[in-house]
Amino acid sequence: MMSKQPQLFIVVVFIGLLLCFPSVGTCKTAPSKTLSPYFFIQSEETGVEQFPLKSTHAEVNINGVIADVVIRQTYSNDGPQPINARYIFPASTRAAVHGMTMTIGENVIKAEIKERKKAQQTFDTAKKQGKSASLLKQQRPNVFSMNVANIMPGDLIAIELHYSELLEPTDSIYEFVYPTVVGPRFSDQPVATAPETDRWIKNPYLKQGVTSPTTFSINVKLAAGMELQEAVCTSHDTDIIYDDKTMARIKLKDTEKQGGNRDFILKYRLAGDKINTGLILQRGQEENFFLMMMQPPARVKPANLPAREYIFVVDISGSMNGFPLNTSKKLLTRLIGGLQAKDRFNVILFAGASKVMAQSSLPATSDNIRQAVQLIEKQRGGGGTRLYSALKKGMDLPMDENISRTILIVTDGYIGAEKQVFRLIQKNLNLTNVFAFGIGSSVNRYLIEGMAKSGQGEPFIVTKPSEADQIARQFQDYVQSPVLTNINIKYDGFDTYDVEPVSIPDLFAQRPVIVFGKWRGALNGGIQVDGISGDGDYTRSFKVADYTPRETGQTLSYLWARKRIGRLSDFNIQKGNSENQAEITSLGLTYNLLTAYTSFVGVHDVVRNPKAKAKNVTQPLPLPKNVSNLAVSGGTCSNTPEPELTVLLVLAVIIIIGMRRYRRS
């Protein structure tokens with residue numbers, strides 16, 4: 001028998017190994033204690049039922065500055081029993097979703113917009129009755145959930161969604177983005193107390209490199225209304241056909257059928273770098289709407305720039321491991337290297353915890369910049385994504401009242417508590433402004449755009465290292481001088497009301513001034529825009545009589561309502577939900593729009609599953625392109641031992657054999 005001392009040694013070593021591999025012996029699946037996403041393991045028995053969504057196809061028509069999009073999701077049941085399917089998918093933060101249909105065979109069912117709870121009740125009742133039904137809910141302004149009940153064996157069910165959005169150019173570049181996948185969100189909320197709107201975060205994911213069987217395709221028809229200088233897709237391989245100088249068609253190549261793991265990004269310029277400028281008028285039966293878009297003046301750089309303080313808050317969590325963090329490093333090297341000698345700066349690195357480079361900001365000397373770059377270069381990525389605590393640490397750093405502070409947040413945005421971050425930024429708005437840099441192929445644009453809007457800064461998206469230098473230069477141009485300040489809009493003889501936005505913030509980016517609103521009466525008078533540019537006073541005016549109203553379509557009404565809903569809900573944390581819920585609900589019901597409080601529900605009024613027994617299936621999502629397995633904080637539940645466990649067992653055997661030899665000797 002071995003002595004107690006060697007036995008104790010083995011126990012101590014074994015415990016140490018367990019601490020090295022904390023995930024061993026655990027099985028973090030869907031029922032785990034927090035809202036962490038988890039890895040999906042397909043079993044042979046149920047594999048045919050685990051991917052009911054077979055394909056997603058988008059038809060996009062861009063006319064001038066408005067994109068009209070129809071998404072067709074095709075669900076099927078290849079298994080032997082009825083199923084209820086659930087699928088999480090993204091959309092643009094500016095999308096006004098105004099229609100949904102469900103097709104079963106030759107039966108086309110038009111979905112109705114209802115108050116969220118009533119829509120859920122309608123869906124649940126149909127589900128219990130054995131009727132096929134569909135329910136579309138907004139979980140975030142850029143995250144939706146689709147539920148389809150009672151998909152029978154052999155069924156093929158098509159869901160079509162219809163939305164519109166306004167394309168706002170930056171630096172004369174128009175960009176249409178079609179998000180394809182929702183990245184895994186970090187959350188430490190307990191499942192038991194999590195609100196219904198957050199429970200989507202607990203979703204299964206395929207491991208890195210595993211291909212989803214769901215196919216993706218998209219066709220774009222671009223009618224710019226003016227001569228096109230160029231059109232390019234920066235995310236996917238495409239065929240681009242120019243029908244004439246103003247029109248083009250864009251289609252994915254056949255090799256991109258599995259391209260639903262990253263945002264589809266189409267960029268185009270008009271000849272001469274022009275921006276569509278003018279008025280769009282829509283006349284309706286009950287209400288009339290207008291949209292004004294005005295090209296900004298040219299940027300003028302000041303001769304002397306004041307000293308500024310820059311605090312870089314950098315995400316080094318698991319989801320940033322590898323490609324995203326490498327992209328981030330290149331961006332930060334360019335940004336920090338471009339500081340003026342009189343500037344001050346600091347760096348905060350965050351994952352599950354955060355650490356600051358210095359207790360107070362440092363002068364932007366060559367030595368300090370070199371140390372900062374070396375610190376960032378050493379990072380590898382791992383752990384959770386606690387952005388709030390890192391940002392608060394940056395806000396709480398001592399500051400010089402004579403130097404303006406800017407915080408730059410660099411992250412993929414894979415967190416679930418966006419509004420807590422917005423609230424913190426808005427509370428410190430008088431002390432600092434915020435620029436947000438989204439890193440990756442499928443970033444959380446709601447968080448990136450929301451942080452920038454809350455902090456009166458600008459959002460930037462960097463999808464690959466080759467874009468880092470260009471984005472860094474854009475940021476440096478923006479902070480050197482705004483394009484237009486003190487913007488004021490006057491309506492002379494043109495009877496307008498319910499104008500959005502209520503006030504126009506200063507323009508940092510080279511993007512147009514955009515205003516939505518309603519009008520009544522005759523088309524008289526005009527609109528005048530005043531402001532201050534780098535060259536002094538600036539004025540631009542439009543005569544309403546020069547523009548002919550559209551007599552058909554409701555696109556402007558949808559876009560106006562979505563703009564107002566965005567002001568009330570998306571990034572607004574000044575009012576509680578109860579104060580604006582009624583107005584948002586009313587807007588959704590009046591204008592047939594999906595909102596946080598209204599949902600689309602469609603019911604096929606035929607009992608197709610009399611026993612109403614069906615298996616619930618949540619469609620696994622692919623990890624976004626270039627995102628590693630470290631992004632998923634949950635685990636797997638599989639009969640196959642994890643590699644860590646195998647290593648641990650081998651080491652344990654080696655130790656035991658070694659101790660036996662030690663005892664014999």
# chains A, B, ... in the order shown; residues from 1 in each chain; ligands from 1

call {"tool": "select_by_dssp", "arguments": {"residues": "stretch 235-313 of chain A", "states": "helix (DSSP H, G or I)", "output": "PyMOL selection string"}}
result
chain A and resi 254-256+271-273

call {"tool": "residues_around", "arguments": {"residues": "A:Val97", "least_positions_apart": "6", "cutoff": "7 Å", "atoms": "only C-alpha atoms", "output": "list in words"}}
result
His162, Tyr163, Ser164, Leu593 and Leu594 of chain A

call {"tool": "residues_around", "arguments": {"residues": "A:Ser212", "least_positions_apart": "6", "cutoff": "9 Å", "atoms": "only C-alpha atoms", "output": "ChimeraX atom specification"}}
result
/A:51,206,258,260-261,620-622

call {"tool": "residues_around", "arguments": {"residues": "A:Asn433", "least_positions_apart": "5", "cutoff": "12 Å", "atoms": "only C-alpha atoms", "output": "VMD selection string"}}
result
chain A and resid 308 to 311 395 404 to 409 424 to 428 451 to 459 479 508

call {"tool": "residues_around", "arguments": {"residues": "A:Pro297", "least_positions_apart": "4", "cutoff": "10 Å", "atoms": "only C-alpha atoms", "output": "count of residues only"}}
result
13

call {"tool": "atom_distance", "arguments": {"atom1": "atom CA of A:Pro465", "atom2": "atom CA of A:Pro169"}}
result
22.5 Å

call {"tool": "select_by_dssp", "arguments": {"residues": "stretch 256-391 of chain A", "states": "strand (DSSP E)", "output": "PyMOL selection string"}}
result
chain A and resi 264-270+278-283+288-294+308-315+344-350+354-356+362-363

call {"tool": "residues_around", "arguments": {"residues": "A:Phe144", "least_positions_apart": "3", "cutoff": "12 Å", "atoms": "only C-alpha atoms", "output": "MDAnalysis selection string"}}
result
chainID A and resid 86:93 95 97 135:141 147 161 179:182 197:198 200:201 594:596 599:600

call {"tool": "residues_around", "arguments": {"residues": "A:Ser586", "least_positions_apart": "2", "cutoff": "12 Å", "atoms": "only C-alpha atoms", "output": "JSON, numbers by chain"}}
result
{"A": [113, 114, 115, 116, 561, 564, 565, 580, 581, 582, 583, 584, 588, 589, 590, 591, 592, 593, 594, 595, 596, 597, 598]}

call {"tool": "closest_residue", "arguments": {"among": "A:Leu431, A:Ile461, A:Leu349, A:Val632", "to": "A:Thr327", "atoms": "only C-alpha atoms"}}
result
A:Ile461

call {"tool": "closest_residue", "arguments": {"among": "A:Gln42, A:Ser354, A:Ser319, A:Asn488", "to": "A:Lys393", "atoms": "only C-alpha atoms"}}
result
A:Ser354

call {"tool": "atom_distance", "arguments": {"atom1": "atom CA of A:Gly64", "atom2": "atom CA of A:Ala224"}}
result
4.6 Å

call {"tool": "closest_residue", "arguments": {"among": "A:Gln81, A:Gln129, A:Asn629, A:Ser442", "to": "A:Arg262", "atoms": "only C-alpha atoms"}}
result
A:Ser442

call {"tool": "closest_residue", "arguments": {"among": "A:Leu587, A:Ile71, A:Val617, A:Met226", "to": "A:Thr56", "atoms": "only C-alpha atoms"}}
result
A:Ile71

call {"tool": "atom_distance", "arguments": {"atom1": "atom CA of A:Val177", "atom2": "atom CA of A:Asn626"}}
result
18.4 Å
